[in-house]
$ cat entry-v8.cif   # mmCIF, C-alpha atoms
data_target
loop_
_atom_site.label_atom_id
_atom_site.label_comp_id
_atom_site.auth_asym_id
_atom_site.auth_seq_id
_atom_site.Cartn_x
_atom_site.Cartn_y
_atom_site.Cartn_z
CA MET A 26 22.74 180.91 -37.36
CA ASN A 27 21.45 183.38 -34.85
CA ALA A 28 23.70 185.57 -32.82
CA SER A 29 23.95 184.68 -29.17
CA PRO A 30 22.66 187.12 -26.56
CA ASN A 31 26.23 187.68 -25.33
CA SER A 32 27.56 188.63 -28.75
CA SER A 33 28.89 192.10 -29.43
CA PRO A 34 27.03 194.61 -31.63
CA ARG A 35 29.81 194.20 -34.19
CA GLY A 36 29.27 190.41 -34.18
CA THR A 37 25.54 190.92 -34.69
CA GLN A 38 26.20 193.35 -37.53
CA LEU A 39 28.61 190.89 -39.18
CA GLN A 40 26.00 188.17 -38.80
CA ARG A 41 23.42 190.35 -40.56
CA ILE A 42 25.86 191.06 -43.39
CA ALA A 43 26.60 187.34 -43.73
CA ASP A 44 22.88 186.53 -43.72
CA LEU A 45 22.31 189.13 -46.43
CA GLY A 46 25.14 187.68 -48.49
CA PHE A 47 23.72 184.17 -48.26
CA ARG A 48 20.24 185.44 -49.16
CA LEU A 49 21.83 187.05 -52.21
CA ILE A 50 23.43 183.72 -53.18
CA GLU A 51 20.04 182.02 -52.77
CA ALA A 52 18.41 184.67 -54.99
CA VAL A 53 21.08 184.13 -57.65
CA LEU A 54 20.42 180.39 -57.42
CA VAL A 55 16.71 180.96 -58.00
CA LEU A 56 17.45 183.17 -61.01
CA ILE A 57 19.88 180.67 -62.55
CA PHE A 58 17.51 177.76 -61.92
CA THR A 59 14.58 179.67 -63.42
CA GLY A 60 16.68 180.56 -66.44
CA LEU A 61 17.73 176.93 -66.80
CA ILE A 62 14.13 175.72 -66.71
CA VAL A 63 12.99 178.34 -69.24
CA LEU A 64 15.93 177.61 -71.55
CA VAL A 65 15.57 173.83 -71.53
CA PHE A 66 11.75 173.89 -71.68
CA SER A 67 11.83 176.34 -74.61
CA ASN A 68 14.29 174.13 -76.43
CA VAL A 69 12.14 171.03 -75.90
CA VAL A 70 9.01 172.83 -77.13
CA MET A 71 10.85 174.18 -80.17
CA ARG A 72 12.25 170.75 -81.03
CA TYR A 73 8.93 168.91 -80.80
CA LEU A 74 6.60 171.58 -82.20
CA PHE A 75 8.76 173.41 -84.71
CA ASP A 76 11.42 170.79 -85.49
CA THR A 77 14.16 173.24 -84.57
CA GLY A 78 15.98 174.25 -81.41
CA LEU A 79 18.30 176.69 -79.76
CA VAL A 80 21.92 175.84 -80.53
CA VAL A 81 23.23 177.38 -77.31
CA THR A 82 20.97 175.40 -74.97
CA ASP A 83 23.34 172.51 -74.28
CA GLU A 84 26.36 174.69 -73.53
CA VAL A 85 24.59 177.35 -71.51
CA SER A 86 22.48 174.86 -69.55
CA ARG A 87 25.63 172.91 -68.67
CA MET A 88 27.28 176.11 -67.42
CA MET A 89 24.17 177.03 -65.44
CA PHE A 90 23.99 173.57 -63.88
CA VAL A 91 27.62 173.72 -62.74
CA TRP A 92 26.98 177.12 -61.13
CA ILE A 93 23.83 175.79 -59.42
CA CYS A 94 25.84 172.90 -57.96
CA PHE A 95 28.64 175.02 -56.52
CA LEU A 96 26.52 177.93 -55.29
CA GLY A 97 24.11 175.43 -53.75
CA ALA A 98 27.03 173.69 -52.04
CA ILE A 99 27.98 176.99 -50.39
CA VAL A 100 24.45 177.50 -49.07
CA VAL A 101 24.21 173.91 -47.85
CA ALA A 102 27.61 174.21 -46.14
CA ARG A 103 26.45 177.35 -44.34
CA ARG A 104 23.31 175.54 -43.14
CA ASN A 105 25.45 172.54 -42.11
CA GLU A 106 23.21 170.24 -44.17
CA HIS A 107 25.83 168.31 -46.14
CA LEU A 108 25.76 164.56 -45.79
CA ASP A 109 27.27 163.75 -42.42
CA VAL A 110 28.26 160.26 -41.35
CA ASP A 111 28.30 160.23 -37.58
CA LEU A 112 28.94 156.53 -37.09
CA LEU A 113 32.04 157.22 -34.99
CA THR A 114 31.28 160.64 -33.53
CA ALA A 115 27.90 159.48 -32.21
CA HIS A 116 29.73 157.28 -29.71
CA MET A 117 32.40 159.82 -28.72
CA SER A 118 32.37 162.09 -25.73
CA PRO A 119 31.46 165.71 -26.51
CA ALA A 120 35.12 166.76 -26.14
CA THR A 121 36.39 164.04 -28.48
CA ALA A 122 33.60 164.72 -30.99
CA HIS A 123 34.56 168.40 -30.82
CA VAL A 124 38.17 167.60 -31.74
CA ALA A 125 37.01 165.24 -34.50
CA ARG A 126 34.78 168.01 -35.93
CA MET A 127 37.73 170.42 -35.94
CA VAL A 128 39.92 167.86 -37.74
CA ALA A 129 37.14 167.30 -40.29
CA LEU A 130 36.84 171.06 -40.85
CA LEU A 131 40.60 171.30 -41.38
CA GLY A 132 40.27 168.55 -44.00
CA VAL A 133 37.47 170.46 -45.71
CA ILE A 134 39.57 173.63 -45.73
CA VAL A 135 42.55 171.79 -47.24
CA CYS A 136 40.30 170.29 -49.93
CA CYS A 137 38.87 173.75 -50.65
CA VAL A 138 42.38 175.17 -51.08
CA VAL A 139 43.31 172.37 -53.50
CA LEU A 140 40.04 172.77 -55.43
CA GLY A 141 40.31 176.56 -55.43
CA VAL A 142 43.89 176.61 -56.73
CA GLY A 143 43.12 174.10 -59.47
CA ALA A 144 39.89 175.83 -60.46
CA TRP A 145 41.62 179.22 -60.56
CA GLN A 146 44.36 177.80 -62.82
CA GLN A 147 41.74 176.27 -65.12
CA THR A 148 39.75 179.50 -65.16
CA MET A 149 42.82 181.50 -66.19
CA PHE A 150 43.84 178.86 -68.73
CA ASN A 151 40.38 178.85 -70.33
CA THR A 152 39.75 182.60 -70.55
CA SER A 153 40.71 182.55 -74.22
CA ASN A 154 38.84 179.32 -75.01
CA ILE A 155 35.47 180.19 -76.45
CA ALA A 156 32.55 177.76 -76.43
CA PRO A 157 31.60 177.09 -80.07
CA ALA A 158 27.83 177.53 -79.89
CA SER A 159 27.35 180.23 -77.27
CA GLY A 160 30.50 182.27 -77.79
CA LEU A 161 31.02 182.42 -74.01
CA PRO A 162 34.47 181.80 -72.55
CA THR A 163 34.70 178.33 -71.06
CA ALA A 164 36.31 180.03 -68.05
CA VAL A 165 32.73 180.81 -66.95
CA THR A 166 32.29 177.13 -66.11
CA TYR A 167 35.65 176.82 -64.36
CA ALA A 168 34.99 179.90 -62.23
CA ALA A 169 32.12 178.11 -60.45
CA PRO A 170 34.34 175.59 -58.61
CA PHE A 171 36.64 178.44 -57.60
CA VAL A 172 33.73 180.42 -56.15
CA GLY A 173 32.44 177.25 -54.47
CA ALA A 174 35.83 176.47 -52.94
CA VAL A 175 36.21 180.00 -51.60
CA GLY A 176 32.65 180.02 -50.20
CA ILE A 177 32.80 176.59 -48.57
CA GLY A 178 36.32 177.32 -47.32
CA LEU A 179 35.18 180.54 -45.65
CA VAL A 180 32.15 178.84 -44.10
CA SER A 181 34.36 176.04 -42.76
CA LEU A 182 36.98 178.48 -41.50
CA THR A 183 34.40 180.53 -39.59
CA GLU A 184 32.92 177.37 -38.11
CA LEU A 185 36.39 176.17 -37.10
CA ILE A 186 37.15 179.51 -35.42
CA SER A 187 33.78 179.35 -33.67
CA LEU A 188 34.54 175.84 -32.39
CA LEU A 189 37.94 176.97 -31.14
CA ILE A 190 36.40 179.91 -29.28
CA ARG A 191 33.38 178.27 -27.69
CA GLY A 192 34.71 174.77 -26.96
CA PRO A 193 32.67 171.56 -26.86
CA ARG A 194 28.92 171.86 -26.44
CA PRO A 195 26.51 169.45 -24.80
CA PRO A 196 24.52 167.28 -27.22
CA ALA A 197 21.56 169.02 -28.85
CA GLU A 198 17.99 167.74 -28.64
CA ASN A 199 16.97 164.95 -31.04
CA THR A 200 20.51 163.96 -31.99
CA VAL A 201 22.04 160.56 -31.58
CA GLU A 202 24.29 161.95 -28.83
CA HIS A 203 21.32 163.36 -26.91
CA ILE A 204 19.25 160.19 -27.29
CA THR A 205 22.24 158.07 -26.21
CA GLU A 206 22.86 160.28 -23.16
CA LYS A 207 19.14 160.24 -22.33
CA GLY A 208 19.06 156.44 -22.57
CA LYS A 209 22.04 156.10 -20.25
CA ALA A 210 20.35 158.33 -17.66
CA GLU A 211 17.16 156.24 -17.62
#
$ encode --input "entry-v8.cif" --output "structure tokens"
Amino acid sequence: MNASPNSSPRGTQLQRIADLGFRLIEAVLVLIFTGLIVLVFSNVVMRYLFDTGLVVTDEVSRMMFVWICFLGAIVVARRNEHLDVDLLTAHMSPATAHVARMVALLGVIVCCVVLGVGAWQQTMFNTSNIAPASGLPTAVTYAAPFVGAVGIGLVSLTELISLLIRGPRPPAENTVEHITEKGKAE
């Protein structure tokens, strides 16, 4: 998401901070994924070559996988690359599609609030529950959906505010809307 030429210096600075934050999330994802690969691969090698294994692998790899899913969902939401069914919006006018997008974003924000509240309650409830093999609090796993809900909620809220400020846009190149408009003109 690049800043527009008409944006204020403060907006450009906020954009840079947001970009840095998302790069940090991506770096954390790489670290967790690398750790997951090393942990699982080491366990497989130990099981087949030495007839033993790491007891903590199943618990820790499950926790790592949950964090990968929710942190990855934040990054994908920021890039606007989640699965999008445009069966209806492809045939709407830009103004109607704009309103439909805002309604969809409101739905995402509501879902994030519900997920975030529930995940926070589970995180607090499980702070004293300790995983048997690793000794880590199970709250570590439940914190991931909370972080994901907050991240996706913030991304959706900023996009909603942006849509409210700038209004409907003409269809972009290589989209169904653009191709449909181009076909009508020919």
$ resolve_selection --input "entry-v8.cif" --expression "the PyMOL selection byres ((chain A and resi 55-65) around 12)" --output "PyMOL selection string"
chain A and resi 48-54+66-72+78-94+96-97
$ closest_residue --input "entry-v8.cif" --among "A:Ser153, A:Ala164, A:Phe171, A:Leu39" --to "A:Gly141" --atoms "all atoms listed in the file"
A:Phe171
$ atom_distance --input "entry-v8.cif" --atom1 "atom CA of A:Val180" --atom2 "atom CA of A:Ser118"
24.9 Å
$ atom_distance --input "entry-v8.cif" --atom1 "atom CA of A:Thr77" --atom2 "atom CA of A:Ser159"
16.6 Å
$ resolve_selection --input "entry-v8.cif" --expression "the PyMOL selection byres ((chain A and resi 133) around 12)" --output "ChimeraX atom specification"
/A:102,107,126-132,134-141,174-182,184-185
$ closest_residue --input "entry-v8.cif" --among "A:Asp111, A:His123, A:Asp76, A:Leu45" --to "A:Ser187" --atoms "only C-alpha atoms"
A:His123
$ atom_distance --input "entry-v8.cif" --atom1 "atom CA of A:Thr166" --atom2 "atom CA of A:Tyr73"
28.8 Å
$ axis_aligned_box --input "entry-v8.cif" --around "stretch 104-119 of chain A" --padding-each-side "5 Å" --output "AutoDock Vina command-line options"
--center_x 27.8 --center_y 166.0 --center_z -35.9 --size_x 19.2 --size_y 29.0 --size_z 30.4
$ residues_near_point --input "entry-v8.cif" --point "(30.9, 159.5, -35.1)" --cutoff "12 Å" --atoms "only C-alpha atoms" --output "ChimeraX atom specification"
/A:109-119,121-126,129,200-202
$ closest_residue --input "entry-v8.cif" --among "A:Thr183, A:Leu188, A:Pro157, A:Val142" --to "A:Gln40" --atoms "all atoms listed in the file"
A:Thr183
